[in-house]
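The data block below is my_file-v2.cif; it holds mmCIF, C-alpha atoms.
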data_entry
loop_
_atom_site.label_atom_id
_atom_site.label_comp_id
_atom_site.auth_asym_id
_atom_site.auth_seq_id
_atom_site.Cartn_x
_atom_site.Cartn_y
_atom_site.Cartn_z
CA MET Y 1 -61.32 91.23 96.58
CA ILE Y 2 -62.87 88.04 95.10
CA LYS Y 3 -61.15 85.85 92.51
CA LEU Y 4 -62.68 82.62 91.25
CA LYS Y 5 -60.95 80.39 88.73
CA GLY Y 6 -62.41 77.20 87.31
CA ILE Y 7 -65.04 76.81 90.06
CA THR Y 8 -67.23 73.75 89.62
CA LYS Y 9 -69.93 72.28 91.82
CA THR Y 10 -71.56 68.87 91.46
CA TYR Y 11 -74.19 67.51 93.84
CA TYR Y 12 -74.14 63.76 94.42
CA ARG Y 13 -77.46 62.16 95.25
CA GLY Y 14 -77.21 58.41 95.26
CA LYS Y 15 -76.17 57.30 91.78
CA VAL Y 16 -77.19 60.60 90.19
CA ASP Y 17 -74.63 63.39 89.68
CA THR Y 18 -76.13 66.84 89.23
CA PRO Y 19 -73.68 69.49 87.96
CA ALA Y 20 -74.57 73.01 89.12
CA LEU Y 21 -71.49 75.03 88.11
CA LEU Y 22 -69.28 74.16 85.14
CA GLY Y 23 -66.13 76.23 85.50
CA ILE Y 24 -66.79 79.77 86.73
CA ASP Y 25 -64.12 82.47 86.43
CA LEU Y 26 -64.99 85.71 88.22
CA HIS Y 27 -63.23 88.75 89.67
CA VAL Y 28 -65.09 91.14 91.96
CA ARG Y 29 -63.33 94.35 92.92
CA ALA Y 30 -63.76 96.04 96.28
CA GLY Y 31 -66.67 98.51 96.18
CA GLU Y 32 -68.60 96.85 93.33
CA PHE Y 33 -72.37 96.27 93.35
CA LEU Y 34 -72.77 93.03 91.38
CA ALA Y 35 -76.03 91.35 90.42
CA ILE Y 36 -75.96 87.65 89.55
CA MET Y 37 -78.89 86.82 87.29
CA GLY Y 38 -80.17 83.80 85.41
CA PRO Y 39 -83.19 81.49 85.06
CA SER Y 40 -84.26 79.09 87.80
CA GLY Y 41 -81.80 76.23 88.11
CA SER Y 42 -79.02 78.16 86.39
CA GLY Y 43 -76.64 77.90 89.37
CA LYS Y 44 -76.78 81.49 90.56
CA SER Y 45 -77.72 80.68 94.17
CA THR Y 46 -75.13 77.90 94.26
CA LEU Y 47 -72.55 80.42 93.12
CA LEU Y 48 -73.62 82.88 95.82
CA HIS Y 49 -73.40 80.20 98.51
CA ILE Y 50 -69.86 79.35 97.43
CA LEU Y 51 -68.90 83.03 97.34
CA GLY Y 52 -70.37 83.43 100.84
CA LEU Y 53 -68.49 80.39 102.21
CA LEU Y 54 -71.78 78.64 102.90
CA ASP Y 55 -70.87 75.80 100.52
CA ARG Y 56 -67.66 74.38 99.11
CA PRO Y 57 -66.83 74.06 95.41
CA SER Y 58 -66.12 70.63 93.95
CA ASP Y 59 -63.04 72.01 92.21
CA GLY Y 60 -61.32 75.29 91.40
CA SER Y 61 -59.67 78.17 93.23
CA TYR Y 62 -61.37 80.83 95.35
CA ARG Y 63 -59.34 83.68 96.82
CA LEU Y 64 -61.12 86.08 99.16
CA ASP Y 65 -59.16 89.22 99.96
CA GLY Y 66 -55.96 87.36 99.08
CA THR Y 67 -56.73 84.21 101.09
CA GLU Y 68 -57.22 80.89 99.29
CA VAL Y 69 -60.35 79.60 101.01
CA SER Y 70 -60.94 76.31 99.19
CA SER Y 71 -58.81 74.28 101.60
CA LEU Y 72 -59.73 75.99 104.90
CA SER Y 73 -61.30 73.97 107.70
CA ASP Y 74 -64.94 74.45 108.67
CA ASP Y 75 -63.90 76.42 111.77
CA GLU Y 76 -61.59 78.65 109.71
CA LEU Y 77 -64.37 79.26 107.18
CA ALA Y 78 -66.79 80.15 109.99
CA ARG Y 79 -64.37 82.70 111.44
CA LEU Y 80 -63.68 84.23 108.04
CA ARG Y 81 -67.40 84.34 107.27
CA ASN Y 82 -68.21 86.05 110.55
CA ASP Y 83 -65.33 88.55 110.28
CA LYS Y 84 -65.68 89.63 106.65
CA LEU Y 85 -69.14 88.76 105.32
CA GLY Y 86 -72.77 89.73 105.91
CA PHE Y 87 -75.85 87.93 104.56
CA VAL Y 88 -79.39 88.91 103.58
CA PHE Y 89 -81.81 86.17 102.50
CA GLN Y 90 -85.18 86.15 100.75
CA SER Y 91 -86.92 84.60 103.77
CA PHE Y 92 -85.22 86.93 106.28
CA HIS Y 93 -84.10 84.06 108.60
CA LEU Y 94 -85.12 85.95 111.74
CA LEU Y 95 -85.90 84.23 115.04
CA PRO Y 96 -89.67 84.72 115.41
CA LYS Y 97 -89.69 85.01 119.22
CA SER Y 98 -86.76 87.44 119.37
CA THR Y 99 -86.94 91.22 119.09
CA ALA Y 100 -85.35 93.14 116.22
CA LEU Y 101 -82.49 94.10 118.52
CA ASP Y 102 -81.86 90.50 119.61
CA ASN Y 103 -81.96 89.29 116.00
CA VAL Y 104 -79.31 91.84 115.03
CA LEU Y 105 -77.16 90.66 117.94
CA LEU Y 106 -77.14 87.06 116.65
CA PRO Y 107 -73.76 87.27 114.81
CA PHE Y 108 -72.06 88.02 118.13
CA THR Y 109 -73.86 85.10 119.77
CA TYR Y 110 -72.86 82.67 117.01
CA ALA Y 111 -69.26 83.88 117.12
CA GLY Y 112 -69.09 83.35 120.87
CA GLN Y 113 -67.79 86.89 121.24
CA PHE Y 114 -70.03 89.57 122.75
CA PRO Y 115 -68.15 92.89 122.80
CA ALA Y 116 -69.04 95.47 125.42
CA ASP Y 117 -70.53 97.78 122.79
CA ALA Y 118 -72.50 95.03 121.01
CA ARG Y 119 -75.93 96.43 121.90
CA GLU Y 120 -74.95 99.94 120.86
CA ARG Y 121 -73.62 98.61 117.56
CA ALA Y 122 -76.88 96.73 117.00
CA LYS Y 123 -78.92 99.85 117.78
CA ARG Y 124 -76.83 101.91 115.34
CA ALA Y 125 -77.32 99.27 112.65
CA LEU Y 126 -81.09 99.34 113.13
CA ALA Y 127 -81.08 103.14 113.09
CA ARG Y 128 -79.06 102.99 109.85
CA VAL Y 129 -81.94 101.15 108.14
CA GLY Y 130 -84.63 103.37 109.69
CA LEU Y 131 -85.84 100.98 112.39
CA GLU Y 132 -84.86 102.74 115.59
CA PRO Y 133 -88.53 102.85 116.72
CA ARG Y 134 -88.82 99.06 116.19
CA LEU Y 135 -85.99 97.85 118.43
CA HIS Y 136 -88.26 95.75 120.63
CA HIS Y 137 -90.72 94.52 118.01
CA ARG Y 138 -90.75 90.86 116.99
CA PRO Y 139 -90.91 89.73 113.33
CA GLY Y 140 -94.64 88.97 113.60
CA GLU Y 141 -95.23 92.59 114.58
CA MET Y 142 -93.44 94.02 111.52
CA SER Y 143 -94.06 94.13 107.77
CA GLY Y 144 -92.01 92.08 105.31
CA GLY Y 145 -90.02 95.15 104.32
CA GLU Y 146 -89.24 95.91 107.97
CA CYS Y 147 -88.15 92.31 108.55
CA GLN Y 148 -85.79 92.56 105.60
CA ARG Y 149 -84.37 95.78 107.01
CA VAL Y 150 -83.71 93.95 110.29
CA ALA Y 151 -81.85 91.35 108.23
CA ILE Y 152 -79.76 94.08 106.61
CA ALA Y 153 -78.99 95.56 110.03
CA ARG Y 154 -77.90 92.11 111.20
CA ALA Y 155 -75.64 91.84 108.14
CA LEU Y 156 -74.10 95.23 108.96
CA VAL Y 157 -73.48 94.80 112.69
CA ASN Y 158 -70.01 93.24 112.25
CA ASP Y 159 -68.99 95.88 109.68
CA PRO Y 160 -68.44 93.29 106.91
CA GLU Y 161 -66.32 93.84 103.82
CA VAL Y 162 -68.88 92.11 101.56
CA ILE Y 163 -72.67 91.84 101.81
CA PHE Y 164 -74.29 88.89 100.01
CA ALA Y 165 -78.00 89.15 99.29
CA ASP Y 166 -79.98 86.20 97.90
CA GLU Y 167 -83.23 87.41 96.27
CA PRO Y 168 -83.66 90.09 98.98
CA THR Y 169 -86.80 91.50 97.31
CA GLY Y 170 -88.35 88.16 96.35
CA ASN Y 171 -91.03 88.21 99.08
CA LEU Y 172 -91.74 91.94 99.05
CA ASP Y 173 -94.19 94.30 97.38
CA GLN Y 174 -93.00 97.01 94.99
CA ARG Y 175 -92.61 99.74 97.58
CA SER Y 176 -90.73 97.54 100.05
CA SER Y 177 -88.52 96.19 97.27
CA LEU Y 178 -87.51 99.70 96.25
CA GLU Y 179 -86.82 100.62 99.88
CA ILE Y 180 -84.50 97.62 100.28
CA ILE Y 181 -82.62 98.29 97.03
CA SER Y 182 -82.34 101.96 97.97
CA ILE Y 183 -80.66 100.98 101.25
CA LEU Y 184 -78.28 98.65 99.39
CA GLN Y 185 -77.45 101.44 96.93
CA GLU Y 186 -76.68 103.76 99.83
CA LEU Y 187 -74.39 101.14 101.40
CA HIS Y 188 -72.65 100.71 98.06
CA ALA Y 189 -72.19 104.49 97.80
CA GLU Y 190 -70.48 104.32 101.20
CA GLY Y 191 -67.94 101.88 99.78
CA ARG Y 192 -69.47 98.49 100.59
CA THR Y 193 -69.01 95.57 98.22
CA ILE Y 194 -72.40 94.00 97.49
CA VAL Y 195 -73.16 90.79 95.59
CA LEU Y 196 -76.84 90.17 94.96
CA VAL Y 197 -78.74 87.30 93.33
CA THR Y 198 -81.99 88.25 91.62
CA HIS Y 199 -84.31 87.04 88.87
CA ASP Y 200 -85.80 90.54 88.54
CA ALA Y 201 -84.39 92.50 85.59
CA ALA Y 202 -85.53 95.78 87.18
CA VAL Y 203 -83.41 95.02 90.26
CA GLY Y 204 -80.45 94.12 88.05
CA CYS Y 205 -80.66 97.55 86.41
CA MET Y 206 -80.17 99.12 89.83
CA CYS Y 207 -76.78 97.45 90.30
CA ASN Y 208 -73.50 98.51 88.70
CA ARG Y 209 -72.62 95.20 87.08
CA VAL Y 210 -74.67 92.22 85.92
CA LEU Y 211 -73.32 88.67 85.64
CA ARG Y 212 -75.64 86.30 83.79
CA VAL Y 213 -75.32 82.60 84.59
CA VAL Y 214 -77.01 79.98 82.41
CA TYR Y 215 -76.66 76.21 82.84
CA GLY Y 216 -73.77 76.65 85.26
CA LYS Y 217 -71.69 78.88 83.01
CA VAL Y 218 -71.16 82.63 82.71
CA GLN Y 219 -73.14 83.77 79.68
CA SER Y 220 -72.32 87.48 79.96
CA ASP Y 221 -70.68 89.98 82.30
CA GLU Y 222 -71.62 93.61 81.71
CA LEU Y 223 -71.31 96.96 83.45
CA VAL Y 224 -74.45 99.04 83.94
CA PRO Y 225 -73.44 102.54 82.82
CA ALA Y 226 -76.22 104.41 84.68
CA PRO Y 227 -77.93 102.28 87.35
CA THR Y 228 -81.54 103.18 88.08
CA GLN Y 229 -81.88 104.88 91.45
CA ALA Y 230 -84.38 103.08 93.66
CA ALA Y 231 -85.05 106.20 95.74
CA GLN Y 232 -86.23 108.09 92.66
CA GLN Y 233 -88.40 105.15 91.59
CA LEU Y 234 -89.93 105.10 95.07
CA GLN Y 235 -90.73 108.81 94.96
CA ALA Y 236 -92.36 108.36 91.55
CA LEU Y 237 -94.80 105.68 92.76
CA PRO Y 238 -98.44 106.77 92.87
CA GLU Y 239 -99.94 106.99 96.33
CA THR Y 240 -102.04 103.87 95.73
CA ALA Y 241 -98.82 101.86 95.18
CA LYS Y 242 -97.28 103.20 98.36
#
Would you mind writing the file's structure down as structure tokens?
Amino acid sequence: MIKLKGITKTYYRGKVDTPALLGIDLHVRAGEFLAIMGPSGSGKSTLLHILGLLDRPSDGSYRLDGTEVSSLSDDELARLRNDKLGFVFQSFHLLPKSTALDNVLLPFTYAGQFPADARERAKRALARVGLEPRLHHRPGEMSGGECQRVAIARALVNDPEVIFADEPTGNLDQRSSLEIISILQELHAEGRTIVLVTHDAAVGCMCNRVLRVVYGKVQSDELVPAPTQAAQQLQALPETAK
């Protein structure tokens, strides 16, 4: 599904060139659950943004589902992004004055296409993440874990082929983090391709494959033979941690 070859990224700020990626080769098969890990400043978020068509590489080839995307126009990238990809961010990126339902409907608004069943699709997506009772709540009326579930529902509403998650548990407590990873594991079990950036080794162990990026290069790429199940970890938490 995803094939990168020789991907580089350099940021130009005045007279200072800052290299972020130094030649990344990567294949991601359909249905994988990949964690991208590495220390701060290693280039992992830059790599995710390029994979998610949110940024362009300085050089190299990127084929998404057979399409070479490096030379597409901004409008073509936007259409491809909206049709095939879903995003979950550490800071949720929800509109504070909008309800959960309206936040999940945003991809249709941005695309300029509002299908007749859009609201039903948004309701089903919220029900899928356990938020059916919260349809009309605003972000300020929900916990961090609930806000992140709204973000997952928003990512799901267009039935994307790939879900990209950038530190989705970074702002959450232990229980909420396990709930979010459990949902992502369930989506993966249903056949979704998921690419997740995390600095948390425990989260990495819950994915099926871990790519480690250090100083803009791939340091290692390993399969996880028996990923930890977040649902079981959640059940094992003492009541005081729940």
For the file shown, report as number ranges by chain the outcome of the PyMOL selection byres ((chain Y and resi 146-163) around 8) at residue level. Y: 82-89, 92-94, 100, 103-107, 121-122, 125-126, 128-129, 131, 139, 142-145, 164-165, 168, 180, 192-195
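The two atoms in question, atom CA of Leu34 of chain Y and atom CA of Tyr215 of chain Y, are spaced 19.3 Å apart.
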Would you write out, as a Markdown table, a table of all residues in segment 129-242 of chain Y that have an atom no more than 12 Å from an atom of segment 12-33 of chain Y, listing for each the closest atom pair and the distance in Å to one decimal, considering all atoms listed in the file and ordering rows by chain and rising residue number?
| residue | atom | partner | partner_atom | distance |
| --- | --- | --- | --- | --- |
| Y:Pro160 | CA | Y:Ala30 | CA | 11.9 |
| Y:Glu161 | CA | Y:Ala30 | CA | 8.3 |
| Y:Val162 | CA | Y:Ala30 | CA | 8.3 |
| Y:Ile163 | CA | Y:Phe33 | CA | 9.6 |
| Y:Phe164 | CA | Y:Phe33 | CA | 10.1 |
| Y:Ala165 | CA | Y:Phe33 | CA | 10.8 |
| Y:Ile181 | CA | Y:Phe33 | CA | 11.1 |
| Y:Leu184 | CA | Y:Phe33 | CA | 8.8 |
| Y:Gln185 | CA | Y:Phe33 | CA | 8.1 |
| Y:Glu186 | CA | Y:Phe33 | CA | 10.8 |
| Y:Leu187 | CA | Y:Phe33 | CA | 9.6 |
| Y:His188 | CA | Y:Phe33 | CA | 6.5 |
| Y:Ala189 | CA | Y:Gly31 | CA | 8.3 |
| Y:Glu190 | CA | Y:Gly31 | CA | 8.6 |
| Y:Gly191 | CA | Y:Gly31 | CA | 5.1 |
| Y:Arg192 | CA | Y:Gly31 | CA | 5.2 |
| Y:Thr193 | CA | Y:Gly31 | CA | 4.3 |
| Y:Ile194 | CA | Y:Phe33 | CA | 4.7 |
| Y:Val195 | CA | Y:Phe33 | CA | 6.0 |
| Y:Leu196 | CA | Y:Phe33 | CA | 7.7 |
| Y:Val197 | CA | Y:Phe33 | CA | 11.0 |
| Y:Val203 | CA | Y:Phe33 | CA | 11.5 |
| Y:Gly204 | CA | Y:Phe33 | CA | 9.9 |
| Y:Cys205 | CA | Y:Phe33 | CA | 10.9 |
| Y:Met206 | CA | Y:Phe33 | CA | 9.0 |
| Y:Cys207 | CA | Y:Phe33 | CA | 5.5 |
| Y:Asn208 | CA | Y:Phe33 | CA | 5.3 |
| Y:Arg209 | CA | Y:Phe33 | CA | 6.4 |
| Y:Val210 | CA | Y:Phe33 | CA | 8.8 |
| Y:Leu211 | CA | Y:Leu26 | CA | 9.2 |
| Y:Arg212 | CA | Y:Ile24 | CA | 11.4 |
| Y:Val213 | CA | Y:Leu21 | CA | 9.2 |
| Y:Val214 | CA | Y:Leu21 | CA | 9.4 |
| Y:Tyr215 | CA | Y:Ala20 | CA | 7.4 |
| Y:Gly216 | CA | Y:Leu21 | CA | 4.0 |
| Y:Lys217 | CA | Y:Leu22 | CA | 5.7 |
| Y:Val218 | CA | Y:Ile24 | CA | 6.6 |
| Y:Gln219 | CA | Y:Ile24 | CA | 10.3 |
| Y:Ser220 | CA | Y:Leu26 | CA | 11.2 |
| Y:Asp221 | CA | Y:Leu26 | CA | 9.3 |
| Y:Glu222 | CA | Y:Phe33 | CA | 12.0 |
| Y:Leu223 | CA | Y:Phe33 | CA | 10.0 |
| Y:Val224 | CA | Y:Phe33 | CA | 10.0 |
| Y:Pro227 | CA | Y:Phe33 | CA | 10.2 |
Could you tell me which residues the PyMOL selection byres ((chain Y and resi 5) around 6) grabs in this file, written as a list in words?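 This file gives the following for the PyMOL selection byres ((chain Y and resi 5) around 6): Leu4, Gly6, Ile7, Asp25, Gly60 and Ser61 of chain Y.
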Can you translate the PyMOL selection byres ((chain Y and resi 174) around 10) into the concrete residues it hits in this file, as a list of chain:residue names?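 Here the PyMOL selection byres ((chain Y and resi 174) around 10) matches Y:Gly145, Y:Thr169, Y:Asn171, Y:Leu172, Y:Asp173, Y:Arg175, Y:Ser176, Y:Ser177, Y:Leu178, Y:Glu179, Y:Gln233, Y:Leu234, Y:Leu237, Y:Ala241, Y:Lys242.
Atom pair atom CA of Asp55 of chain Y / atom CA of Lys9 of chain Y: separated by 9.4 Å.
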In Å, how far is it from atom CA of Pro96 of chain Y to atom CA of His136 of chain Y?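 Calculated distance between atom CA of Pro96 of chain Y and atom CA of His136 of chain Y is 12.3 Å.
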From the options Y:Tyr62, Y:Glu141, Y:Val69, Y:Glu167, which residue's atoms come nearest to Ser91 of chain Y, counting all atoms listed in the file? Y:Glu167
